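A.B. asks: Sharing target06.pdb below, PDB, C-alpha atoms:
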```pdb
ATOM      1  CA  MET G  16     111.831 120.525 105.856
ATOM      2  CA  ILE G  17     113.023 117.924 103.352
ATOM      3  CA  LEU G  18     110.918 114.795 102.842
ATOM      4  CA  TYR G  19     111.923 111.756 100.775
ATOM      5  CA  HIS G  20     109.961 109.269  98.675
ATOM      6  CA  GLY G  21     111.401 105.903  97.602
ATOM      7  CA  SER G  22     110.338 104.366  94.290
ATOM      8  CA  TYR G  23     111.660 102.912  91.030
ATOM      9  CA  MET G  24     111.328 106.241  89.227
ATOM     10  CA  ALA G  25     111.515 109.964  89.884
ATOM     11  CA  ILE G  26     108.135 111.415  90.813
ATOM     12  CA  ASP G  27     108.058 115.117  90.146
ATOM     13  CA  LYS G  28     104.256 115.424  90.246
ATOM     14  CA  PRO G  29     102.732 113.062  92.822
ATOM     15  CA  ASP G  30      99.289 111.838  91.775
ATOM     16  CA  LEU G  31      97.059 110.166  94.353
ATOM     17  CA  SER G  32      95.191 108.225  91.686
ATOM     18  CA  PHE G  33      98.205 105.858  91.623
ATOM     19  CA  SER G  34      98.184 105.202  95.377
ATOM     20  CA  ARG G  35      97.414 101.794  96.841
ATOM     21  CA  ILE G  36      94.976 100.742  99.523
ATOM     22  CA  ARG G  37      95.904  98.416 102.390
ATOM     23  CA  THR G  38      98.907 100.475 103.410
ATOM     24  CA  ASP G  39      99.736 101.848 106.867
ATOM     25  CA  PHE G  40      97.540 104.942 106.579
ATOM     26  CA  GLY G  41      95.469 103.961 103.542
ATOM     27  CA  ARG G  42      95.602 105.575 100.114
ATOM     28  CA  GLY G  43      98.099 108.384  99.934
ATOM     29  CA  PHE G  44     101.513 109.596  98.849
ATOM     30  CA  TYR G  45     104.055 108.439 101.434
ATOM     31  CA  LEU G  46     107.194 110.337 102.372
ATOM     32  CA  THR G  47     109.646 110.291 105.246
ATOM     33  CA  PRO G  48     112.025 112.813 106.810
ATOM     34  CA  LEU G  49     114.567 109.972 107.069
ATOM     35  CA  LYS G  50     116.629 109.489 103.922
ATOM     36  CA  GLU G  51     117.642 105.980 105.048
ATOM     37  CA  GLN G  52     113.961 104.997 105.252
ATOM     38  CA  ALA G  53     113.317 106.247 101.688
ATOM     39  CA  VAL G  54     116.389 104.364 100.462
ATOM     40  CA  SER G  55     114.999 101.213 102.093
ATOM     41  CA  TRP G  56     111.638 101.759 100.371
ATOM     42  CA  ALA G  57     113.349 102.329  97.004
ATOM     43  CA  ARG G  58     115.611  99.274  97.260
ATOM     44  CA  ARG G  59     112.541  97.002  97.273
ATOM     45  CA  PHE G  60     112.308  97.642  93.523
ATOM     46  CA  ILE G  61     115.823  96.424  92.714
ATOM     47  CA  SER G  62     114.701  92.815  93.125
ATOM     48  CA  GLU G  63     112.103  93.483  90.404
ATOM     49  CA  LYS G  64     114.900  94.422  87.965
ATOM     50  CA  LYS G  65     114.083  98.101  88.351
ATOM     51  CA  GLN G  66     116.223 100.935  89.603
ATOM     52  CA  ALA G  67     115.922 102.474  93.061
ATOM     53  CA  VAL G  68     115.202 106.207  93.093
ATOM     54  CA  ILE G  69     114.536 108.644  95.895
ATOM     55  CA  SER G  70     112.789 111.927  95.207
ATOM     56  CA  LEU G  71     113.246 114.931  97.488
ATOM     57  CA  TYR G  72     110.518 117.435  98.349
ATOM     58  CA  GLY G  73     110.313 120.615 100.333
ATOM     59  CA  PHE G  74     107.510 120.880 102.878
ATOM     60  CA  LEU G  75     106.711 123.132 105.800
ATOM     61  CA  GLN G  76     108.783 122.924 108.971
ATOM     62  CA  LYS G  77     106.996 121.447 111.992
ATOM     63  CA  PRO G  78     105.704 124.688 113.580
ATOM     64  CA  ALA G  79     104.506 125.936 110.174
ATOM     65  CA  ILE G  80     102.400 122.780 109.673
ATOM     66  CA  GLU G  81     100.125 124.112 112.384
ATOM     67  CA  LYS G  82      99.641 127.236 110.245
ATOM     68  CA  LEU G  83      98.075 125.326 107.348
ATOM     69  CA  PRO G  84      94.490 126.420 106.612
ATOM     70  CA  ASP G  85      91.966 125.323 109.262
ATOM     71  CA  ASN G  86      90.158 123.095 106.769
ATOM     72  CA  ILE G  87      93.269 120.861 106.410
ATOM     73  CA  LYS G  88      92.759 117.856 108.688
ATOM     74  CA  ILE G  89      95.994 116.464 110.141
ATOM     75  CA  LEU G  90      96.299 113.339 112.255
ATOM     76  CA  GLU G  91      99.618 112.826 114.006
ATOM     77  CA  PHE G  92     100.723 109.813 116.033
ATOM     78  CA  ASP G  93     103.726 110.533 118.235
ATOM     79  CA  SER G  94     104.273 106.868 119.129
ATOM     80  CA  HIS G  95     103.144 103.339 118.475
ATOM     81  CA  ASN G  96     100.100 103.572 120.721
ATOM     82  CA  LEU G  97      96.620 102.015 120.728
ATOM     83  CA  GLU G  98      95.176 104.750 118.496
ATOM     84  CA  TRP G  99      98.001 104.180 115.961
ATOM     85  CA  LEU G 100      97.559 100.387 116.133
ATOM     86  CA  ASN G 101      93.807 100.612 115.497
ATOM     87  CA  PHE G 102      94.264 103.112 112.659
ATOM     88  CA  VAL G 103      96.952 101.019 110.920
ATOM     89  CA  THR G 104      94.909  97.851 111.402
ATOM     90  CA  THR G 105      91.841  99.488 109.864
ATOM     91  CA  CYS G 106      93.834 100.802 106.899
ATOM     92  CA  ARG G 107      95.786  97.568 106.337
ATOM     93  CA  LEU G 108      92.469  95.703 106.165
ATOM     94  CA  GLY G 109      91.305  98.151 103.478
ATOM     95  CA  GLN G 110      88.495  99.498 105.616
ATOM     96  CA  ILE G 111      87.301 103.094 105.548
ATOM     97  CA  VAL G 112      88.280 105.318 108.471
ATOM     98  CA  GLU G 113      85.655 107.638 109.967
ATOM     99  CA  ILE G 114      87.370 110.928 109.140
ATOM    100  CA  GLU G 115      88.959 111.679 105.788
ATOM    101  CA  TRP G 116      92.335 113.042 106.852
ATOM    102  CA  ASP G 117      94.397 115.248 104.527
ATOM    103  CA  LEU G 118      97.739 114.373 106.122
ATOM    104  CA  VAL G 119      98.618 111.542 108.491
ATOM    105  CA  ILE G 120     101.981 111.541 110.280
ATOM    106  CA  GLY G 121     103.261 108.647 112.336
ATOM    107  CA  GLY G 122     105.334 105.515 112.656
ATOM    108  CA  VAL G 123     105.990 103.075 109.850
ATOM    109  CA  ALA G 124     104.702  99.535 110.276
ATOM    110  CA  ASN G 125     108.009  98.029 109.130
ATOM    111  CA  ASP G 126     108.808  94.289 109.197
ATOM    112  CA  LYS G 127     109.478  94.151 112.954
ATOM    113  CA  VAL G 128     106.364  96.149 113.735
ATOM    114  CA  PHE G 129     104.264  94.278 111.201
ATOM    115  CA  ASP G 130     105.038  90.948 112.892
ATOM    116  CA  THR G 131     103.354  92.312 116.021
ATOM    117  CA  ILE G 132     100.456  93.733 114.002
ATOM    118  CA  GLN G 133      99.979  90.340 112.316
ATOM    119  CA  LEU G 134      99.751  88.644 115.733
ATOM    120  CA  TYR G 135      97.140  91.256 116.674
ATOM    121  CA  PHE G 136      95.274  90.725 113.342
ATOM    122  CA  ASP G 137      95.188  86.994 114.015
ATOM    123  CA  SER G 138      93.935  87.541 117.600
ATOM    124  CA  ILE G 139      96.979  85.732 118.977
ATOM    125  CA  ILE G 140      97.745  88.731 121.184
ATOM    126  CA  ASP G 141      95.446  91.478 122.406
ATOM    127  CA  ALA G 142      95.890  95.240 121.995
ATOM    128  CA  ASP G 143      97.681  95.638 125.347
ATOM    129  CA  ALA G 144     100.235  92.955 124.446
ATOM    130  CA  ALA G 145     100.743  94.493 120.988
ATOM    131  CA  ILE G 146     101.320  97.969 122.445
ATOM    132  CA  GLY G 147     103.677  96.455 125.010
ATOM    133  CA  ARG G 148     105.778  94.914 122.226
ATOM    134  CA  LEU G 149     105.669  98.058 120.075
ATOM    135  CA  ARG G 150     106.860 100.252 122.938
ATOM    136  CA  TYR G 151     110.398  98.948 122.338
ATOM    137  CA  ASN G 152     110.446  99.899 118.641
ATOM    138  CA  LYS G 153     111.592 103.395 117.746
ATOM    139  CA  PRO G 154     109.232 104.519 114.973
ATOM    140  CA  ASN G 155     110.536 105.509 111.553
ATOM    141  CA  PHE G 156     108.186 108.375 110.812
ATOM    142  CA  GLN G 157     106.258 108.791 107.612
ATOM    143  CA  TYR G 158     104.014 111.476 106.171
ATOM    144  CA  CYS G 159     101.004 110.274 104.197
ATOM    145  CA  PHE G 160      99.517 112.991 101.988
ATOM    146  CA  LYS G 161      95.920 112.027 101.280
ATOM    147  CA  ASN G 162      94.726 115.251  99.625
ATOM    148  CA  GLN G 163      95.807 116.154  96.079
ATOM    149  CA  LYS G 164      95.254 119.876  96.656
ATOM    150  CA  LEU G 165      97.567 119.769  99.696
ATOM    151  CA  ILE G 166     100.223 118.052  97.567
ATOM    152  CA  ASN G 167      99.863 120.537  94.725
ATOM    153  CA  GLU G 168     100.026 123.614  96.958
ATOM    154  CA  TYR G 169     102.467 122.685  99.730
ATOM    155  CA  LEU G 170     104.717 119.830  98.584
ATOM    156  CA  HIS G 171     107.484 121.072  96.285
ATOM    157  CA  TYR G 172     109.560 118.678  94.191
ATOM    158  CA  LEU G 173     113.281 119.443  94.498
ATOM    159  CA  SER G 174     115.205 116.618  92.819
ATOM    160  CA  SER G 175     115.678 112.866  92.483
ATOM    161  CA  GLU G 176     118.631 110.544  92.681
ATOM    162  CA  VAL G 177     119.261 106.941  91.649
ATOM    163  CA  ILE G 178     120.423 104.822  94.571
ATOM    164  CA  GLN G 179     123.372 102.539  93.927
ATOM    165  CA  LEU G 180     123.682  99.142  95.603
TER     166      LEU G 180
END
```
Transcribe the structure of this file into structure tokens.
C.D. replies:
Amino acid sequence: MILYHGSYMAIDKPDLSFSRIRTDFGRGFYLTPLKEQAVSWARRFISEKKQAVISLYGFLQKPAIEKLPDNIKILEFDSHNLEWLNFVTTCRLGQIVEIEWDLVIGGVANDKVFDTIQLYFDSIIDADAAIGRLRYNKPNFQYCFKNQKLINEYLHYLSSEVIQL
């Protein structure tokens, strides 16, 4: 499968030491199977007078992911549900999650979704109301690699391209 990463530069050797906290799934290297999503991520840098670049990587197809070694811990959210909401909230607040996952797969907390999460953060709506609102958003999926060894062994850089306006 092809995964994309949006940035201001080509990243041929992802390094987790450069990852940020307070992101959807915490520290990690974020990719998406949706090229349009990576382009959107990359275009954020144009306003900072930088170029927009997407890097392409090869990774295992979905059934093969299940054949990763047993010691690789994968958490997958198939929808914007209560478990996803609580996980994203915990990570966005910079708190430590109980289990150190190697790979987290699930929906992006984009601007529309984040508005709902912010209402939940601020206790303006409860979890049930947040999930009710999120049910109508089709998730843009992302893969968050949280283990450098997993990146080095299974994520293969293919190429990069500069995105034009």
A.B. asks: Expressed in Å to a single decimal, how great is the separation between CA of Ala57 (chain G) and CA of Trp116 (chain G)?
C.D. replies: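 Going from CA of Ala57 (chain G) over to CA of Trp116 (chain G), I get 25.6 Å.
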A.B. asks: Can you build me a table of region 21-93 of chain G residues sitting at most 8 Å from region 120-144 of chain G, with the closest atom pair per residue and its distance in Å to one decimal, using only C-alpha atoms, sorted by chain and residue number, as a Markdown table?
C.D. replies:
```
| residue | atom | partner | partner_atom | distance |
| --- | --- | --- | --- | --- |
| G:Asp39 | CA | G:Ala124 | CA | 6.5 |
| G:Ile89 | CA | G:Ile120 | CA | 7.8 |
| G:Leu90 | CA | G:Ile120 | CA | 6.3 |
| G:Glu91 | CA | G:Ile120 | CA | 4.6 |
| G:Phe92 | CA | G:Gly121 | CA | 4.6 |
| G:Asp93 | CA | G:Gly121 | CA | 6.2 |
```
A.B. asks: Where's the centre, and what are the edge lengths in Å to one decimal, of a box along x, y and z enclosing all listed atoms of region 122-132 of chain G padded 6 Å per side, as JSON?
C.D. replies:
```
{"center_x": 105.0, "center_y": 98.2, "center_z": 112.6, "size_x": 21.0, "size_y": 26.6, "size_z": 18.9}
```
A.B. asks: The PyMOL selection byres ((chain G and resi 162-171) around 10) on the file shown: which residues, as a ChimeraX atom specification?
C.D. replies: /G:17-18,27-32,42-44,71-75,80,83,87-88,115-118,159-161,172-174
A.B. asks: Got a sec to resolve the PyMOL selection byres ((chain G and resi 107) around 6) on this structure and send the residues as a PDB file with C-alpha atoms, keeping the file's coordinate frame?
C.D. replies:
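Contents of result-v3.pdb, freshly written:
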```
ATOM      1  CA  ARG G  37      95.904  98.416 102.390  1.00  0.00           C
ATOM      2  CA  THR G  38      98.907 100.475 103.410  1.00  0.00           C
ATOM      3  CA  ASP G  39      99.736 101.848 106.867  1.00  0.00           C
ATOM      4  CA  VAL G 103      96.952 101.019 110.920  1.00  0.00           C
ATOM      5  CA  THR G 104      94.909  97.851 111.402  1.00  0.00           C
ATOM      6  CA  THR G 105      91.841  99.488 109.864  1.00  0.00           C
ATOM      7  CA  CYS G 106      93.834 100.802 106.899  1.00  0.00           C
ATOM      8  CA  LEU G 108      92.469  95.703 106.165  1.00  0.00           C
ATOM      9  CA  GLY G 109      91.305  98.151 103.478  1.00  0.00           C
TER      10      GLY G 109
END
```
A.B. asks: Would you compute the distance between CA of Glu176 (chain G) and CA of Ile36 (chain G)? Give it in Å to one decimal.
C.D. replies: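 If I compute the distance from CA of Glu176 (chain G) to CA of Ile36 (chain G), I get 26.5 Å.
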